[in-house]
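Everything below belongs to protein_8.cif, which stores mmCIF, C-alpha atoms (C1' of nucleotides).
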data_coords
loop_
_atom_site.label_atom_id
_atom_site.label_comp_id
_atom_site.auth_asym_id
_atom_site.auth_seq_id
_atom_site.Cartn_x
_atom_site.Cartn_y
_atom_site.Cartn_z
CA MET A 26 0.00 0.00 0.00
CA THR A 27 1.18 3.51 -0.76
CA THR A 28 0.67 6.04 2.00
CA PRO A 29 1.06 9.75 1.44
CA ALA A 30 2.69 11.59 4.29
CA PRO A 31 -0.13 13.06 6.36
CA ASN A 32 1.51 16.35 7.24
CA HIS A 33 1.51 19.66 5.43
CA SER A 34 4.04 22.32 6.22
CA GLN A 35 1.94 25.46 6.36
CA PRO A 36 -1.50 24.87 7.89
CA LEU A 37 -4.16 27.23 6.66
CA GLU A 38 -6.29 29.04 9.18
CA ALA A 39 -9.69 27.65 9.97
CA VAL A 40 -12.69 29.62 8.77
CA ALA A 41 -15.17 30.69 11.44
CA VAL A 42 -18.16 28.34 11.50
CA SER A 43 -21.26 28.28 13.63
CA MET A 44 -21.57 24.50 14.14
CA THR A 45 -19.19 21.72 15.03
CA PRO A 46 -18.75 19.01 12.40
CA LEU A 47 -20.85 16.68 14.57
CA GLN A 48 -23.69 19.18 14.77
CA ARG A 49 -23.57 19.79 11.09
CA PHE A 50 -23.57 16.07 10.36
CA ASP A 51 -26.58 15.62 12.65
CA GLU A 52 -28.42 18.24 10.65
CA TYR A 53 -27.50 16.53 7.40
CA LEU A 54 -28.65 13.14 8.67
CA GLN A 55 -31.97 14.48 9.87
CA SER A 56 -32.62 16.25 6.59
CA LYS A 57 -32.11 12.92 4.85
CA GLY A 58 -33.93 10.76 7.36
CA LEU A 59 -30.75 8.92 8.26
CA ARG A 60 -29.52 7.91 11.72
CA ASN A 61 -26.56 8.94 13.77
CA THR A 62 -25.00 5.76 15.09
CA GLU A 63 -22.17 5.11 17.50
CA GLN A 64 -19.88 4.28 14.60
CA ARG A 65 -20.63 7.53 12.81
CA LYS A 66 -20.12 9.62 15.94
CA PHE A 67 -16.87 7.86 16.64
CA LEU A 68 -15.62 8.34 13.09
CA ILE A 69 -16.49 12.05 13.15
CA GLU A 70 -14.39 12.35 16.27
CA GLN A 71 -11.47 10.45 14.76
CA VAL A 72 -11.55 12.34 11.49
CA PHE A 73 -11.86 15.84 12.92
CA ASN A 74 -9.53 15.17 15.80
CA ARG A 75 -6.54 16.30 13.79
CA HIS A 76 -6.17 18.04 10.49
CA GLU A 77 -4.48 15.80 8.01
CA HIS A 78 -4.82 14.37 4.57
CA PHE A 79 -5.62 10.69 4.82
CA ASP A 80 -6.85 7.73 2.83
CA ALA A 81 -9.22 5.00 3.96
CA ASP A 82 -6.39 2.70 4.97
CA GLN A 83 -4.66 5.30 7.08
CA LEU A 84 -7.90 6.02 8.90
CA ILE A 85 -8.56 2.32 9.49
CA ASP A 86 -5.04 1.86 10.84
CA GLN A 87 -5.69 4.52 13.44
CA LEU A 88 -8.98 2.89 14.56
CA PRO A 89 -9.37 0.14 17.20
CA ALA A 90 -8.73 -3.36 15.88
CA LYS A 91 -11.40 -6.04 15.59
CA GLY A 92 -12.48 -7.25 19.01
CA GLN A 93 -11.66 -3.93 20.70
CA ALA A 94 -14.12 -1.26 21.79
CA ASN A 95 -15.34 1.10 19.06
CA TYR A 96 -14.33 -1.27 16.30
CA VAL A 97 -15.69 -0.16 12.92
CA SER A 98 -15.62 -2.52 9.98
CA ARG A 99 -13.93 -1.63 6.73
CA PRO A 100 -17.13 -1.40 4.65
CA THR A 101 -18.65 0.91 7.25
CA VAL A 102 -15.59 3.16 7.13
CA TYR A 103 -15.96 3.45 3.36
CA ARG A 104 -19.70 4.02 3.59
CA THR A 105 -19.25 6.66 6.27
CA LEU A 106 -16.51 8.51 4.41
CA ARG A 107 -18.92 8.80 1.52
CA GLU A 108 -21.56 10.23 3.84
CA PHE A 109 -19.06 12.77 5.14
CA VAL A 110 -18.32 13.87 1.60
CA ASP A 111 -22.04 14.11 0.79
CA ALA A 112 -22.58 16.11 3.96
CA GLY A 113 -19.87 18.56 2.93
CA LEU A 114 -17.63 17.67 5.86
CA LEU A 115 -14.86 16.13 3.79
CA ASN A 116 -13.32 16.69 0.41
CA ARG A 117 -12.28 13.71 -1.65
CA PHE A 118 -9.71 13.64 -4.43
CA GLU A 119 -7.73 10.98 -6.26
CA LEU A 120 -4.01 10.54 -5.80
CA ASP A 121 -1.92 7.66 -7.15
CA GLY A 122 -5.07 5.69 -7.88
CA ARG A 123 -6.78 5.86 -4.52
CA SER A 124 -9.05 8.33 -2.71
CA VAL A 125 -7.56 10.92 -0.37
CA TYR A 126 -9.70 12.90 2.06
CA GLU A 127 -9.24 16.24 3.77
CA HIS A 128 -11.35 18.53 5.91
CA ASP A 129 -13.75 20.64 3.93
CA TYR A 130 -16.18 22.05 6.48
CA GLY A 131 -14.75 25.12 8.18
CA TYR A 132 -11.65 25.03 6.05
CA PRO A 133 -10.69 27.47 3.27
CA GLU A 134 -10.57 26.44 -0.38
CA HIS A 135 -7.09 25.58 -1.48
CA ASP A 136 -5.00 23.54 -3.90
CA HIS A 137 -1.97 21.31 -3.51
CA LEU A 138 1.67 20.83 -4.27
CA TYR A 139 2.46 17.12 -4.30
CA CYS A 140 6.00 15.94 -3.67
CA THR A 141 6.57 12.77 -5.65
CA LYS A 142 9.61 11.93 -3.50
CA CYS A 143 8.15 11.96 0.04
CA ARG A 144 4.47 11.96 -1.04
CA LYS A 145 3.78 15.02 1.07
CA LEU A 146 0.82 17.23 0.19
CA ILE A 147 1.43 20.94 0.68
CA GLU A 148 -1.56 23.26 0.65
CA PHE A 149 -1.65 26.66 -0.97
CA THR A 150 -4.27 29.25 -1.74
CA SER A 151 -4.43 31.34 -4.87
CA GLU A 152 -7.06 33.87 -5.79
CA GLU A 153 -6.02 33.92 -9.41
CA ILE A 154 -6.99 30.30 -9.90
CA LEU A 155 -10.67 31.02 -9.34
CA GLN A 156 -10.57 33.93 -11.78
CA LEU A 157 -8.80 31.78 -14.33
CA ARG A 158 -11.38 29.05 -13.82
CA GLU A 159 -14.20 31.48 -14.51
CA THR A 160 -12.55 32.91 -17.61
CA VAL A 161 -12.00 29.48 -19.12
CA ALA A 162 -15.48 28.26 -18.19
CA LYS A 163 -17.16 31.30 -19.71
CA ARG A 164 -15.22 30.81 -22.93
CA HIS A 165 -16.61 27.26 -23.18
CA ARG A 166 -20.07 28.01 -21.73
CA PHE A 167 -19.24 25.52 -19.01
CA ARG A 168 -21.00 25.43 -15.62
CA VAL A 169 -18.29 25.06 -13.02
CA ARG A 170 -18.90 22.94 -9.94
CA ASP A 171 -15.33 22.83 -8.65
CA HIS A 172 -11.81 22.07 -9.75
CA ARG A 173 -8.65 20.14 -8.92
CA PHE A 174 -5.31 21.78 -9.33
CA ILE A 175 -2.29 19.82 -8.23
CA ILE A 176 1.32 20.68 -8.93
CA HIS A 177 3.67 17.69 -9.05
CA GLY A 178 7.34 18.00 -8.25
CA VAL A 179 9.89 17.83 -5.45
CA CYS A 180 9.57 19.75 -2.19
CA ASP A 181 12.30 21.85 -0.61
CA GLU A 182 13.22 19.27 2.04
CA CYS A 183 13.64 16.48 -0.50
CA THR A 184 15.71 18.71 -2.75
CA LYS A 185 18.01 19.58 0.15
CA LEU A 186 18.32 15.93 1.17
CA ARG A 187 19.25 15.00 -2.34
CA ASN A 188 21.88 17.70 -2.59
CA ARG A 189 23.36 16.59 0.71
CA ASP A 190 23.52 12.97 -0.49
CA ARG A 191 25.27 14.09 -3.66
CA LYS A 192 27.89 15.91 -1.63
CA GLN A 193 28.47 12.82 0.52
CA ASP A 194 28.86 10.70 -2.62
CA ARG A 195 31.67 12.94 -3.77
CA VAL A 196 33.68 12.51 -0.55
CA MET B 262 -16.88 0.01 -16.12
CA THR B 263 -17.03 3.76 -16.46
CA THR B 264 -16.14 5.12 -19.86
CA PRO B 265 -15.52 8.80 -20.47
CA ALA B 266 -16.77 10.09 -23.79
CA PRO B 267 -13.76 10.01 -26.12
CA ASN B 268 -14.49 13.22 -28.01
CA HIS B 269 -13.51 16.80 -27.27
CA SER B 270 -15.27 19.67 -28.92
CA GLN B 271 -12.41 21.96 -29.91
CA PRO B 272 -9.34 20.04 -31.07
CA LEU B 273 -6.07 21.84 -30.50
CA GLU B 274 -3.69 22.21 -33.37
CA ALA B 275 -0.86 19.74 -33.65
CA VAL B 276 2.62 21.03 -33.00
CA ALA B 277 5.13 20.55 -35.81
CA VAL B 278 7.35 17.53 -35.11
CA SER B 279 10.16 15.98 -37.08
CA MET B 280 9.40 12.30 -36.44
CA THR B 281 6.32 10.13 -36.51
CA PRO B 282 5.30 8.53 -33.22
CA LEU B 283 6.58 5.19 -34.51
CA GLN B 284 9.96 6.64 -35.40
CA ARG B 285 10.23 8.33 -32.08
CA PHE B 286 9.27 5.15 -30.27
CA ASP B 287 11.92 3.22 -32.23
CA GLU B 288 14.50 5.71 -31.09
CA TYR B 289 13.35 5.38 -27.49
CA LEU B 290 13.50 1.59 -27.65
CA GLN B 291 16.98 1.57 -29.11
CA SER B 292 18.27 3.98 -26.51
CA LYS B 293 17.00 1.61 -23.83
CA GLY B 294 18.06 -1.62 -25.52
CA LEU B 295 14.43 -2.70 -25.92
CA ARG B 296 12.81 -4.34 -28.93
CA ASN B 297 10.08 -3.25 -31.26
CA THR B 298 7.64 -6.10 -31.62
CA GLU B 299 4.60 -6.65 -33.78
CA GLN B 300 2.35 -5.92 -30.82
CA ARG B 301 4.02 -2.61 -30.09
CA LYS B 302 3.90 -1.49 -33.71
CA PHE B 303 0.25 -2.42 -33.93
CA LEU B 304 -0.60 -0.58 -30.73
CA ILE B 305 1.22 2.57 -31.87
CA GLU B 306 -0.89 2.47 -34.99
CA GLN B 307 -4.12 1.99 -33.04
CA VAL B 308 -3.34 4.67 -30.51
CA PHE B 309 -2.19 7.37 -32.93
CA ASN B 310 -4.76 6.52 -35.53
CA ARG B 311 -7.21 9.01 -34.05
CA HIS B 312 -6.87 11.66 -31.43
CA GLU B 313 -8.97 10.81 -28.43
CA HIS B 314 -8.83 10.43 -24.72
CA PHE B 315 -9.08 6.78 -23.81
CA ASP B 316 -8.57 4.34 -21.00
CA ALA B 317 -7.10 0.84 -21.18
CA ASP B 318 -10.50 -0.79 -21.50
CA GLN B 319 -11.59 1.43 -24.35
CA LEU B 320 -8.39 0.66 -26.22
CA ILE B 321 -8.79 -3.08 -25.64
CA ASP B 322 -12.38 -2.95 -26.86
CA GLN B 323 -11.20 -1.48 -30.15
CA LEU B 324 -8.54 -4.19 -30.64
CA PRO B 325 -9.06 -7.61 -32.30
CA ALA B 326 -10.51 -10.24 -30.00
CA LYS B 327 -8.65 -13.32 -28.82
CA GLY B 328 -8.13 -15.76 -31.69
CA GLN B 329 -8.15 -13.01 -34.33
CA ALA B 330 -5.14 -11.56 -36.13
CA ASN B 331 -3.19 -8.91 -34.23
CA TYR B 332 -4.63 -9.97 -30.90
CA VAL B 333 -2.79 -8.34 -27.99
CA SER B 334 -3.31 -9.59 -24.47
CA ARG B 335 -4.51 -7.34 -21.69
CA PRO B 336 -1.23 -7.39 -19.72
CA THR B 337 0.68 -6.46 -22.85
CA VAL B 338 -1.65 -3.53 -23.49
CA TYR B 339 -1.00 -2.25 -19.98
CA ARG B 340 2.75 -2.81 -20.28
CA THR B 341 2.85 -1.06 -23.65
CA LEU B 342 0.82 1.93 -22.49
CA ARG B 343 3.38 2.38 -19.76
CA GLU B 344 6.17 2.29 -22.34
CA PHE B 345 4.38 4.91 -24.41
CA VAL B 346 4.17 7.16 -21.38
CA ASP B 347 7.85 6.61 -20.58
CA ALA B 348 8.72 7.34 -24.20
CA GLY B 349 6.83 10.65 -24.03
CA LEU B 350 4.26 9.57 -26.60
CA LEU B 351 1.32 9.53 -24.23
CA ASN B 352 0.18 11.46 -21.20
CA ARG B 353 -1.50 9.63 -18.37
CA PHE B 354 -3.83 11.09 -15.76
CA GLU B 355 -6.36 9.78 -13.26
CA LEU B 356 -10.08 10.27 -13.70
CA ASP B 357 -12.77 8.62 -11.59
CA GLY B 358 -10.24 6.16 -10.23
CA ARG B 359 -8.76 4.86 -13.45
CA SER B 360 -5.99 5.93 -15.82
CA VAL B 361 -6.85 8.00 -18.88
CA TYR B 362 -4.41 8.51 -21.72
CA GLU B 363 -4.05 11.17 -24.39
CA HIS B 364 -1.53 12.06 -27.05
CA ASP B 365 1.47 13.91 -25.74
CA TYR B 366 4.02 13.78 -28.54
CA GLY B 367 3.40 16.51 -31.07
CA TYR B 368 0.53 17.92 -29.09
CA PRO B 369 0.43 21.20 -27.17
CA GLU B 370 0.22 21.37 -23.37
CA HIS B 371 -3.30 21.86 -22.18
CA ASP B 372 -5.74 21.27 -19.32
CA HIS B 373 -9.27 19.93 -19.16
CA LEU B 374 -12.87 20.72 -18.43
CA TYR B 375 -14.65 17.55 -17.32
CA CYS B 376 -18.40 17.25 -17.70
CA THR B 377 -19.71 15.09 -14.87
CA LYS B 378 -22.96 14.50 -16.79
CA CYS B 379 -21.70 13.08 -20.11
CA ARG B 380 -18.12 12.42 -18.95
CA LYS B 381 -16.73 14.39 -21.85
CA LEU B 382 -13.25 15.88 -21.57
CA ILE B 383 -12.85 19.30 -23.16
CA GLU B 384 -9.35 20.60 -23.71
CA PHE B 385 -8.26 24.17 -23.17
CA THR B 386 -4.99 26.06 -23.10
CA SER B 387 -4.11 28.83 -20.72
CA GLU B 388 -0.85 30.70 -20.48
CA GLU B 389 -1.65 32.10 -17.07
CA ILE B 390 -1.70 28.68 -15.49
CA LEU B 391 2.02 28.18 -16.09
CA GLN B 392 2.82 31.59 -14.60
CA LEU B 393 0.62 30.84 -11.62
CA ARG B 394 2.33 27.50 -11.21
CA GLU B 395 5.73 29.16 -11.11
CA THR B 396 4.66 31.83 -8.66
CA VAL B 397 3.24 29.29 -6.24
CA ALA B 398 6.22 26.96 -6.60
CA LYS B 399 8.72 29.73 -5.97
CA ARG B 400 6.86 30.76 -2.82
CA HIS B 401 7.23 27.20 -1.48
CA ARG B 402 10.70 26.52 -2.93
CA PHE B 403 9.12 23.67 -4.83
CA ARG B 404 10.66 22.11 -7.95
CA VAL B 405 7.85 21.72 -10.44
CA ARG B 406 7.74 18.71 -12.73
CA ASP B 407 4.22 19.21 -14.09
CA HIS B 408 0.66 19.79 -13.00
CA ARG B 409 -2.92 18.62 -13.36
CA PHE B 410 -5.67 21.18 -13.59
CA ILE B 411 -9.16 19.89 -14.19
CA ILE B 412 -12.36 21.87 -13.92
CA HIS B 413 -15.43 19.81 -13.00
CA GLY B 414 -18.91 20.86 -13.99
CA VAL B 415 -21.52 20.57 -16.70
CA CYS B 416 -20.88 21.28 -20.37
CA ASP B 417 -23.00 23.47 -22.59
CA GLU B 418 -24.71 20.57 -24.38
CA CYS B 419 -25.74 18.88 -21.15
CA THR B 420 -27.03 22.15 -19.73
CA LYS B 421 -29.16 22.71 -22.84
CA LEU B 422 -30.48 19.14 -22.73
CA ARG B 423 -31.47 19.57 -19.13
CA ASN B 424 -33.25 22.83 -19.75
CA ARG B 425 -35.17 21.26 -22.62
CA ASP B 426 -36.23 18.36 -20.37
CA ARG B 427 -37.43 20.79 -17.73
CA LYS B 428 -39.56 22.60 -20.27
CA GLN B 429 -41.10 19.33 -21.42
CA ASP B 430 -41.88 18.40 -17.81
CA ARG B 431 -43.89 21.58 -17.43
CA VAL B 432 -46.12 20.80 -20.46
"C1'" DA C 199 22.63 -17.59 -28.31
"C1'" DT C 200 21.03 -14.19 -25.70
"C1'" DC C 201 17.85 -11.64 -23.36
"C1'" DG C 202 13.71 -8.94 -23.83
"C1'" DT C 203 8.62 -9.98 -24.73
"C1'" DT C 204 4.43 -12.38 -24.77
"C1'" DG C 205 0.20 -14.79 -23.07
"C1'" DC C 206 -1.73 -17.15 -19.46
"C1'" DA C 207 -3.35 -17.48 -15.00
"C1'" DA C 208 -3.38 -15.83 -10.88
"C1'" DA C 209 -2.61 -12.18 -7.69
"C1'" DC C 210 -2.88 -7.54 -6.31
"C1'" DG C 211 -4.84 -3.27 -3.63
"C1'" DT C 212 -8.78 -0.62 -3.18
"C1'" DT C 213 -13.51 -0.24 -2.96
"C1'" DT C 214 -18.22 -2.11 -3.26
"C1'" DT C 215 -22.02 -5.40 -2.68
"C1'" DG C 216 -25.59 -8.97 -0.88
"C1'" DC C 217 -27.39 -10.48 2.94
"C1'" DA C 218 -28.68 -11.68 7.63
"C1'" DT C 219 -28.52 -9.46 12.07
"C1'" DA C 220 -28.50 -5.39 15.06
"C1'" DA C 221 -30.01 -1.07 16.57
"C1'" DG C 222 -31.79 3.95 16.07
"C1'" DG C 223 -36.01 6.72 15.84
"C1'" DC D 66 -42.21 -1.52 15.05
"C1'" DC D 67 -40.21 -0.06 11.05
"C1'" DT D 68 -36.47 1.04 8.55
"C1'" DT D 69 -31.72 2.18 8.32
"C1'" DA D 70 -27.02 0.62 9.58
"C1'" DT D 71 -23.74 -2.84 10.53
"C1'" DG D 72 -20.45 -6.79 9.98
"C1'" DC D 73 -19.24 -10.56 7.41
"C1'" DA D 74 -17.91 -12.72 3.35
"C1'" DA D 75 -17.38 -12.37 -1.13
"C1'" DA D 76 -17.23 -9.92 -5.33
"C1'" DA D 77 -15.97 -6.22 -8.28
"C1'" DC D 78 -12.74 -3.30 -10.42
"C1'" DG D 79 -8.60 -1.82 -12.76
"C1'" DT D 80 -4.07 -3.18 -12.85
"C1'" DT D 81 0.19 -5.94 -12.05
"C1'" DT D 82 3.09 -10.09 -11.58
"C1'" DG D 83 5.43 -14.85 -12.00
"C1'" DC D 84 6.50 -17.84 -15.20
"C1'" DA D 85 7.26 -20.80 -19.22
"C1'" DA D 86 7.30 -20.36 -24.09
"C1'" DC D 87 8.40 -17.28 -27.80
"C1'" DG D 88 10.87 -14.16 -30.78
"C1'" DA D 89 13.95 -10.04 -31.96
"C1'" DT D 90 18.63 -8.77 -32.52
#
Kindly present the structure from the file in structure tokens form.
Amino acid sequence: MTTPAPNHSQPLEAVAVSMTPLQRFDEYLQSKGLRNTEQRKFLIEQVFNRHEHFDADQLIDQLPAKGQANYVSRPTVYRTLREFVDAGLLNRFELDGRSVYEHDYGYPEHDHLYCTKCRKLIEFTSEEILQLRETVAKRHRFRVRDHRFIIHGVCDECTKLRNRDRKQDRV
Amino acid sequence: MTTPAPNHSQPLEAVAVSMTPLQRFDEYLQSKGLRNTEQRKFLIEQVFNRHEHFDADQLIDQLPAKGQANYVSRPTVYRTLREFVDAGLLNRFELDGRSVYEHDYGYPEHDHLYCTKCRKLIEFTSEEILQLRETVAKRHRFRVRDHRFIIHGVCDECTKLRNRDRKQDRV
DNA sequence: ATCGTTGCAAACGTTTTGCATAAGG
DNA sequence: CCTTATGCAAAACGTTTGCAACGAT
């Protein structure tokens, strides 16, 4: 399994919101006639506990194992992640052929730099990108829902590491 | 299987190149000490025959079936697509959890609008996106290799279709 | 003659499904 | 009580791999 590094060097500031993720999820469930179960409450807690990019496997690894308290089965994790996305709590995008999730609710819109060496995702915001998006969409009479912009390359730390290794090779 | 529509409404103009894809692939193979087989020659022909976005399954569907002349097995198709990408003939990107390919060699850099209704990919070029990419990368001391920018939404045709359906509903 | 390539079958990793049981409202 | 949610097992999906036979140079 490939696992992207869950950190990001420059955390963006949270946007002020009136409800906690749990409250907002409750509202979503009620509006849909769905139920808030122990598993869902527990997963909300686990997911919004810390701000990180993660995939389903990384989340499952951090959950209690089978037999332990608060165990949640793999299918339920997948089903619940989908609910979180539908509820607007999480953002999903594809990276290296699997789904990666990040906080959406109460978090500013942003895009990513992706280091192909250490698999770190670095967030950045850009106002121009939204303008550009609108310009292009208008030109094609296209109704924009959202976008994905990801810049692939090598981050500063990995570049430095590589340079250091090269120097050592020469000695 | 999900299959994106293979057309794109406004084809970009080909860039002038000195070699055909086959010639360029031959050069690549020789530089790597690899061999050009019947299967590879046939796949080059099939892939560069028409300009479309396609995934592995769509390509395989268009190839002769098992038992017929020029049959190429599924693993070989996958292995060859990878070679084409390595050789710079094709571009690969992820869409809805699978790999999509498009011509790279002799074709200008561009990004995509993706209609989530009809799954059509529409190409567009933007000079600002490269500038923006550089600005962001410099700010994070990031070494850019490339980027993916895809705008999700609904294309003009699908919007018109929907409006027409709504009108009919009212009658 | 060598060594890369092919087709087959089987595996892979991720995600989804059918179904019987459990539990929220 | 009614319906949604869960866990289990198994399937689905796109893709990759090991290997023996084949074929290009």
Target residues per the PyMOL selection byres ((chain D) within 8 of (chain A)), formatted as an mmCIF file with C-alpha atoms (C1' of nucleotides), in the coordinates of the input:
data_model
loop_
_atom_site.group_PDB
_atom_site.id
_atom_site.type_symbol
_atom_site.label_atom_id
_atom_site.label_comp_id
_atom_site.auth_asym_id
_atom_site.auth_seq_id
_atom_site.Cartn_x
_atom_site.Cartn_y
_atom_site.Cartn_z
ATOM 1 C "C1'" DT D 69 -31.720 2.180 8.320
ATOM 2 C "C1'" DA D 70 -27.020 0.620 9.580
ATOM 3 C "C1'" DT D 71 -23.740 -2.840 10.530
ATOM 4 C "C1'" DG D 72 -20.450 -6.790 9.980
#
If the PyMOL selection byres ((chain B) within 9 of (chain A)) is run on the structure shown, which residues does it catch, given as a PDB file with C-alpha atoms, keeping the file's coordinate frame?
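Output below, filename out.pdb:
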ATOM      1  CA  GLU B 355      -6.360   9.780 -13.260  1.00  0.00           C
ATOM      2  CA  LEU B 356     -10.080  10.270 -13.700  1.00  0.00           C
ATOM      3  CA  ASP B 357     -12.770   8.620 -11.590  1.00  0.00           C
ATOM      4  CA  GLY B 358     -10.240   6.160 -10.230  1.00  0.00           C
ATOM      5  CA  ARG B 359      -8.760   4.860 -13.450  1.00  0.00           C
ATOM      6  CA  SER B 360      -5.990   5.930 -15.820  1.00  0.00           C
ATOM      7  CA  LEU B 374     -12.870  20.720 -18.430  1.00  0.00           C
ATOM      8  CA  CYS B 376     -18.400  17.250 -17.700  1.00  0.00           C
ATOM      9  CA  ILE B 383     -12.850  19.300 -23.160  1.00  0.00           C
ATOM     10  CA  PHE B 385      -8.260  24.170 -23.170  1.00  0.00           C
ATOM     11  CA  THR B 386      -4.990  26.060 -23.100  1.00  0.00           C
ATOM     12  CA  SER B 387      -4.110  28.830 -20.720  1.00  0.00           C
ATOM     13  CA  GLU B 389      -1.650  32.100 -17.070  1.00  0.00           C
ATOM     14  CA  ILE B 390      -1.700  28.680 -15.490  1.00  0.00           C
ATOM     15  CA  LEU B 393       0.620  30.840 -11.620  1.00  0.00           C
ATOM     16  CA  ARG B 394       2.330  27.500 -11.210  1.00  0.00           C
ATOM     17  CA  VAL B 397       3.240  29.290  -6.240  1.00  0.00           C
ATOM     18  CA  ALA B 398       6.220  26.960  -6.600  1.00  0.00           C
ATOM     19  CA  HIS B 401       7.230  27.200  -1.480  1.00  0.00           C
ATOM     20  CA  ARG B 402      10.700  26.520  -2.930  1.00  0.00           C
ATOM     21  CA  PHE B 403       9.120  23.670  -4.830  1.00  0.00           C
ATOM     22  CA  ARG B 404      10.660  22.110  -7.950  1.00  0.00           C
ATOM     23  CA  VAL B 405       7.850  21.720 -10.440  1.00  0.00           C
ATOM     24  CA  ARG B 406       7.740  18.710 -12.730  1.00  0.00           C
ATOM     25  CA  ASP B 407       4.220  19.210 -14.090  1.00  0.00           C
ATOM     26  CA  HIS B 408       0.660  19.790 -13.000  1.00  0.00           C
ATOM     27  CA  ARG B 409      -2.920  18.620 -13.360  1.00  0.00           C
ATOM     28  CA  PHE B 410      -5.670  21.180 -13.590  1.00  0.00           C
ATOM     29  CA  ILE B 411      -9.160  19.890 -14.190  1.00  0.00           C
ATOM     30  CA  ILE B 412     -12.360  21.870 -13.920  1.00  0.00           C
ATOM     31  CA  HIS B 413     -15.430  19.810 -13.000  1.00  0.00           C
ATOM     32  CA  GLY B 414     -18.910  20.860 -13.990  1.00  0.00           C
ATOM     33  CA  VAL B 415     -21.520  20.570 -16.700  1.00  0.00           C
ATOM     34  CA  CYS B 416     -20.880  21.280 -20.370  1.00  0.00           C
ATOM     35  CA  ASP B 417     -23.000  23.470 -22.590  1.00  0.00           C
ATOM     36  CA  THR B 420     -27.030  22.150 -19.730  1.00  0.00           C
TER      37      THR B 420
END
I need the output of the PyMOL selection byres ((chain B and resi 309) around 12) for this file as a list of chain:residue names; which residues are they?
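Here the PyMOL selection byres ((chain B and resi 309) around 12) matches B:Thr281, B:Pro282, B:Leu283, B:Phe286, B:Lys302, B:Phe303, B:Leu304, B:Ile305, B:Glu306, B:Gln307, B:Val308, B:Asn310, B:Arg311, B:His312, B:Glu313, B:His314, B:Phe315, B:Leu320, B:Phe345, B:Leu350, B:Leu351, B:Tyr362, B:Glu363, B:His364, B:Asp365, B:Tyr366, B:Gly367, B:Tyr368.
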Just give me the gap between atom CA of A:Glu108 and atom CA of A:Leu54 in Å, one decimal is fine.
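Pair atom CA of A:Glu108 / atom CA of A:Leu54 returns 9.1 Å.
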Protein and nucleic acid residues near (-9.0, -2.5, -12.3) (cut-off 10 Å, only C-alpha atoms (C1' of nucleotides)) as a PyMOL selection string:
(chain B and resi 262+317-318+358-360) or (chain C and resi 210-212) or (chain D and resi 77-81)
Could you give me, as a PyMOL selection string, the residues that have an atom at most 10 Å away from the point (-18.5, -14.2, -1.5) in the coordinates of the file, using all atoms listed in the file?
(chain C and resi 215-216) or (chain D and resi 73-76)
Interface list for chain C, partner chain A, 9 Å threshold, all atoms listed in the file, as a list in words
DG211, DT212, DT213, DT214, DA221, DG222 and DG223 of chain C
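Atom CA of A:Leu37 is found 21.3 Å from atom CA of A:Arg49.
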So how many Å separate atom C1' of D:DA89 and atom CA of B:Leu342, to one decimal?
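Here the two named atoms are 20.1 Å from each other.
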